[in-house]
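Input: a single structure, listed below in structure tokens.
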Amino acid sequence: MPLVVLGIESTAHTFGVGIAREDGKILANINSTYIPIHGGILPREAARHHANVAHKIILKALEKADIRLEEIDGIAVALGPGLGPCLRVGAFIARILALSYDKPLIPVNHAVAHVEIARLTVCARDPLFVYVSGGNTQIVAYSQGRYRVFGETLDIPIGNFFDTLARELGLPQPGTPQIEKLAIKGKNIIDLPYIVKGQDVSYSGLLTAILRKFKEDVCLEDLCLSAMEYAYAMLAEVVERALAHTQKRELVLAGGVARSKRLQEIMQCVAEEHDAIFKVVPDEYAGDNGAMIAWTGVLCLKSGITIQPEESVIRQRWRIDEVDVPWMQ
Ligand code: FE2
């Protein structure tokens, strides 16, 4: 019988449960996202949302997969990186399930899960990943036992940059599609700070500069166009160098911001220039979801990676390059 793993995602605004089978089939992917009423995400409110929906989401996932908890081979959970109160809800539920049903508990790194679900769903072998979301902006590729970082943001992640910008401009959330919608109508690129330091990018200075321009009555569409072009151009520069350096033959866009059509266009060009095949994670698996934790749980379990419930502490700053990925060898 092929292994089947149930995975729980609760690192930020989404509580998700996925069920994945060893052959790569996703049997269920049920997610519920907390939408803040005002401003940004409030960790405690998001955690309350997760605790409230958990029971219903688990049952829905089991029903969708047509499987009982007794038949599951392992319980995977994202132990980090993420927001403390949110992580604790998922970890608590996963420990209870593992103990009650006598199943191995599998610790999953959320960032590894984003790239692994992308690798599975686009059928990539060993790509350079551009992992862009509200919580992360990293360029990663496999080398010597781990996913290594070949560039990242020095301050706020790109998704957070667009969300904050949208909020300050009075636009709805999530920010990236809103900014993109207005950017299409923009005509002029205005002068903004372009901040690339070595292989890293910085978005907070860009954000401050744009908000200053906003107060100077610059056309909103031009502002959105410029924000998007600057943010993506900075990223493209470091991706291009990373591709040249790592010599990877595939370029894969992963994470929630991967849905951006403009970013896809730019990365397609970068890939073509370096004879790499370009692929984008499907929409369903771009944002945070339970399936990515379940699938990475399968990979971990097959490599013998499990954890005792009493040792399964959450790790809010657990970096992708701290995680061994023996299945890539
Ligand atoms: Fe994420």
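In the structure tokens, chains take letters A, B, ... by order of appearance, with residues numbered from 1 within each chain and ligands from 1 in the order shown.
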Throw together the list of residues within 8 Å of ligand 1, counting only C-alpha atoms and all ligand atoms, and drop it here as a PDB file with C-alpha atoms, in the first residue's frame.
ATOM      1  CA  THR A  11       1.820  29.288   9.867  1.00  0.00           C
ATOM      2  CA  ALA A  12      -0.009  32.558   9.063  1.00  0.00           C
ATOM      3  CA  HIS A 110       6.881  25.738   5.485  1.00  0.00           C
ATOM      4  CA  ALA A 111       9.385  27.114   2.956  1.00  0.00           C
ATOM      5  CA  HIS A 114       6.289  25.666  -0.885  1.00  0.00           C
ATOM      6  CA  SER A 133       4.893  35.331  -0.918  1.00  0.00           C
ATOM      7  CA  GLY A 134       3.560  37.580   1.842  1.00  0.00           C
ATOM      8  CA  GLY A 135       5.972  36.048   4.319  1.00  0.00           C
ATOM      9  CA  ASN A 136       9.024  35.264   2.175  1.00  0.00           C
ATOM     10  CA  GLY A 255       4.506  31.029  -3.405  1.00  0.00           C
ATOM     11  CA  GLY A 256       1.434  33.274  -3.441  1.00  0.00           C
ATOM     12  CA  GLY A 287      -0.689  30.339  -1.616  1.00  0.00           C
ATOM     13  CA  ASP A 288      -0.392  28.569   1.745  1.00  0.00           C
TER      14      ASP A 288
END
Excluding His274 of chain A and residues on its chain fewer than 6 positions from it, collect all residues at most 12 Å away from it, counting only C-alpha atoms, and give them as an mmCIF file with N, CA, C and O atoms, in the first residue's frame.
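So the final result, stored in selection_31.cif, reads:
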data_model
loop_
_atom_site.group_PDB
_atom_site.id
_atom_site.type_symbol
_atom_site.label_atom_id
_atom_site.label_comp_id
_atom_site.auth_asym_id
_atom_site.auth_seq_id
_atom_site.Cartn_x
_atom_site.Cartn_y
_atom_site.Cartn_z
ATOM 1 N N LEU A 128 15.946 26.112 -10.072
ATOM 2 C CA LEU A 128 16.153 27.286 -9.228
ATOM 3 C C LEU A 128 14.741 27.795 -8.936
ATOM 4 O O LEU A 128 13.946 27.964 -9.860
ATOM 5 N N VAL A 239 17.777 37.011 -9.659
ATOM 6 C CA VAL A 239 17.430 35.686 -10.186
ATOM 7 C C VAL A 239 18.356 35.347 -11.355
ATOM 8 O O VAL A 239 18.866 34.222 -11.456
ATOM 9 N N GLU A 240 18.590 36.341 -12.193
ATOM 10 C CA GLU A 240 19.440 36.132 -13.362
ATOM 11 C C GLU A 240 20.848 35.709 -12.932
ATOM 12 O O GLU A 240 21.421 34.760 -13.469
ATOM 13 N N ARG A 241 21.383 36.407 -11.938
ATOM 14 C CA ARG A 241 22.738 36.045 -11.462
ATOM 15 C C ARG A 241 22.741 34.657 -10.828
ATOM 16 O O ARG A 241 23.675 33.879 -11.005
ATOM 17 N N ALA A 242 21.662 34.353 -10.083
ATOM 18 C CA ALA A 242 21.581 33.041 -9.431
ATOM 19 C C ALA A 242 21.525 31.920 -10.474
ATOM 20 O O ALA A 242 22.148 30.870 -10.303
ATOM 21 N N LEU A 243 20.785 32.172 -11.562
ATOM 22 C CA LEU A 243 20.694 31.167 -12.639
ATOM 23 C C LEU A 243 22.063 30.951 -13.274
ATOM 24 O O LEU A 243 22.474 29.815 -13.517
ATOM 25 N N ALA A 244 22.746 32.065 -13.541
ATOM 26 C CA ALA A 244 24.063 31.976 -14.165
ATOM 27 C C ALA A 244 25.035 31.235 -13.237
ATOM 28 O O ALA A 244 25.847 30.433 -13.690
ATOM 29 N N HIS A 245 24.932 31.507 -11.951
ATOM 30 C CA HIS A 245 25.843 30.909 -10.983
ATOM 31 C C HIS A 245 25.562 29.423 -10.745
ATOM 32 O O HIS A 245 26.475 28.599 -10.739
ATOM 33 N N THR A 246 24.292 29.072 -10.570
ATOM 34 C CA THR A 246 23.961 27.680 -10.226
ATOM 35 C C THR A 246 23.901 26.786 -11.461
ATOM 36 O O THR A 246 23.961 25.562 -11.330
ATOM 37 N N GLN A 247 23.719 27.411 -12.646
ATOM 38 C CA GLN A 247 23.606 26.651 -13.896
ATOM 39 C C GLN A 247 22.424 25.685 -13.892
ATOM 40 O O GLN A 247 22.461 24.657 -14.570
ATOM 41 N N LYS A 248 21.374 26.009 -13.140
ATOM 42 C CA LYS A 248 20.190 25.145 -13.150
ATOM 43 C C LYS A 248 19.476 25.321 -14.494
ATOM 44 O O LYS A 248 19.485 26.420 -15.071
ATOM 45 N N ARG A 249 18.861 24.251 -14.955
ATOM 46 C CA ARG A 249 18.228 24.277 -16.273
ATOM 47 C C ARG A 249 16.713 24.525 -16.200
ATOM 48 O O ARG A 249 16.037 24.583 -17.215
ATOM 49 N N GLU A 250 16.198 24.657 -14.957
ATOM 50 C CA GLU A 250 14.769 24.940 -14.795
ATOM 51 C C GLU A 250 14.624 26.125 -13.837
ATOM 52 O O GLU A 250 15.384 26.238 -12.878
ATOM 53 N N LEU A 251 13.636 26.983 -14.108
ATOM 54 C CA LEU A 251 13.319 28.099 -13.221
ATOM 55 C C LEU A 251 11.853 27.952 -12.815
ATOM 56 O O LEU A 251 10.978 27.877 -13.686
ATOM 57 N N MET A 267 9.910 36.596 -15.490
ATOM 58 C CA MET A 267 10.716 35.408 -15.189
ATOM 59 C C MET A 267 10.855 34.500 -16.416
ATOM 60 O O MET A 267 11.875 33.835 -16.593
ATOM 61 N N GLN A 268 9.810 34.496 -17.248
ATOM 62 C CA GLN A 268 9.877 33.745 -18.509
ATOM 63 C C GLN A 268 11.037 34.271 -19.364
ATOM 64 O O GLN A 268 11.828 33.497 -19.909
#
query: Looking at only C-alpha atoms, which of A:Val132, A:Val257, A:Cys86, A:Val5 is the one that sits closest to Ala98 of chain A?
result: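 With only C-alpha atoms as the atom set, the closest residue is A:Val5.
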query: Pick from A:Trp327, A:Tyr147, A:Trp318, A:Tyr34: nearest to Thr296 of chain A, with only C-alpha atoms counted?
result: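 Of all the options, A:Trp327 lies closest to Thr296 of chain A.
A straight line drawn from atom CA of Ile37 of chain A to atom CA of Gly16 of chain A is 20.4 Å long.
Using only C-alpha atoms, the nearest neighbour of Tyr230 of chain A within the list A:Leu79, A:Met1, A:Ala91, A:Ile266 is A:Ile266.
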message: With distances taken over only C-alpha atoms, which residue among A:Val4, A:Ile41, A:Val108, A:Ala47 lies nearest Arg167 of chain A?
response: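 Using only C-alpha atoms, the shortest distance to Arg167 of chain A belongs to A:Ile41.
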- request: Would you work out the distance separating atom CA of Gly80 of chain A from atom CA of Asn109 of chain A, expressed in Å to one decimal?
  value: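 Computed distance, atom CA of Gly80 of chain A to atom CA of Asn109 of chain A, equals 5.6 Å.
Using only C-alpha atoms, the protein and nucleic acid residues lying no more than 12 Å from Asp222 of chain A, apart from those fewer than 5 places from it along its own chain, are Ile179, Glu180, Lys181, Leu182, Ala183, Ile184, Lys185, Gly186, Lys187, Asn188, Ile189, Ile190, Asp191, Leu192, Ile210, Lys213, Phe214, Asp217, Ala227, Met228, Glu229 and Tyr230 of chain A.
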- prompt: Which one of A:Asp283, A:Glu63, A:Asp163, A:Glu237 sits closest to Gly18 of chain A if you count only C-alpha atoms?
  reply: A:Glu63
- prompt: Taking only C-alpha atoms into account, which of A:His55, A:His50, A:Arg148, A:Lys64 comes nearest Asp321 of chain A?
  reply: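 Once distances to Asp321 of chain A are computed over only C-alpha atoms, the minimum belongs to A:Arg148.
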- request: Determine which residues of segment 183-320 of chain A receive a DSSP assignment of strand (DSSP E), computed from the backbone, and state them as a ChimeraX atom specification.
  value: /A:196-197,200-201,250-254,277-280
- prompt: So which residues touch Val280 of chain A within 12 Å, counting only C-alpha atoms, skipping near sequence neighbours fewer than 4 positions away, as a VMD selection string?
  reply: chain A and resid 114 to 115 117 to 124 127 to 132 250 to 261 263 to 265 267 to 268 271 284 to 286
Residues of the last selection are to be written out with C-alpha atoms, as a PDB file, in the first residue's frame.
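Final output, saved to out11.pdb:
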ATOM      1  CA  HIS A 114       6.289  25.666  -0.885  1.00  0.00           C
ATOM      2  CA  VAL A 115       9.132  24.580  -3.148  1.00  0.00           C
ATOM      3  CA  ILE A 117       4.678  21.269  -3.925  1.00  0.00           C
ATOM      4  CA  ALA A 118       5.880  23.439  -6.818  1.00  0.00           C
ATOM      5  CA  ARG A 119       8.439  20.808  -7.849  1.00  0.00           C
ATOM      6  CA  LEU A 120       5.767  18.081  -7.730  1.00  0.00           C
ATOM      7  CA  THR A 121       3.006  19.935  -9.565  1.00  0.00           C
ATOM      8  CA  VAL A 122       5.153  21.329 -12.400  1.00  0.00           C
ATOM      9  CA  CYS A 123       7.200  18.106 -12.707  1.00  0.00           C
ATOM     10  CA  ALA A 124      10.549  19.846 -12.159  1.00  0.00           C
ATOM     11  CA  PRO A 127      15.241  23.841 -10.474  1.00  0.00           C
ATOM     12  CA  LEU A 128      16.153  27.286  -9.228  1.00  0.00           C
ATOM     13  CA  PHE A 129      13.105  28.447  -7.268  1.00  0.00           C
ATOM     14  CA  VAL A 130      11.865  31.992  -6.981  1.00  0.00           C
ATOM     15  CA  TYR A 131       9.796  31.726  -3.824  1.00  0.00           C
ATOM     16  CA  VAL A 132       7.705  34.854  -3.424  1.00  0.00           C
ATOM     17  CA  GLU A 250      14.769  24.940 -14.795  1.00  0.00           C
ATOM     18  CA  LEU A 251      13.319  28.099 -13.221  1.00  0.00           C
ATOM     19  CA  VAL A 252      10.223  27.630 -11.054  1.00  0.00           C
ATOM     20  CA  LEU A 253       8.043  30.361  -9.575  1.00  0.00           C
ATOM     21  CA  ALA A 254       6.481  29.357  -6.224  1.00  0.00           C
ATOM     22  CA  GLY A 255       4.506  31.029  -3.405  1.00  0.00           C
ATOM     23  CA  GLY A 256       1.434  33.274  -3.441  1.00  0.00           C
ATOM     24  CA  VAL A 257       2.949  36.079  -5.567  1.00  0.00           C
ATOM     25  CA  ALA A 258       3.691  33.474  -8.287  1.00  0.00           C
ATOM     26  CA  ARG A 259       0.118  34.190  -9.465  1.00  0.00           C
ATOM     27  CA  SER A 260       1.218  37.623 -10.743  1.00  0.00           C
ATOM     28  CA  LYS A 261       1.006  37.604 -14.565  1.00  0.00           C
ATOM     29  CA  LEU A 263       6.087  38.531 -12.701  1.00  0.00           C
ATOM     30  CA  GLN A 264       5.519  35.381 -14.769  1.00  0.00           C
ATOM     31  CA  GLU A 265       6.287  37.346 -17.966  1.00  0.00           C
ATOM     32  CA  MET A 267      10.716  35.408 -15.189  1.00  0.00           C
ATOM     33  CA  GLN A 268       9.877  33.745 -18.509  1.00  0.00           C
ATOM     34  CA  ALA A 271      14.671  31.858 -18.101  1.00  0.00           C
ATOM     35  CA  GLU A 284      -4.320  26.124  -6.118  1.00  0.00           C
ATOM     36  CA  TYR A 285      -0.871  25.411  -4.667  1.00  0.00           C
ATOM     37  CA  ALA A 286       0.617  28.915  -4.894  1.00  0.00           C
TER      38      ALA A 286
END
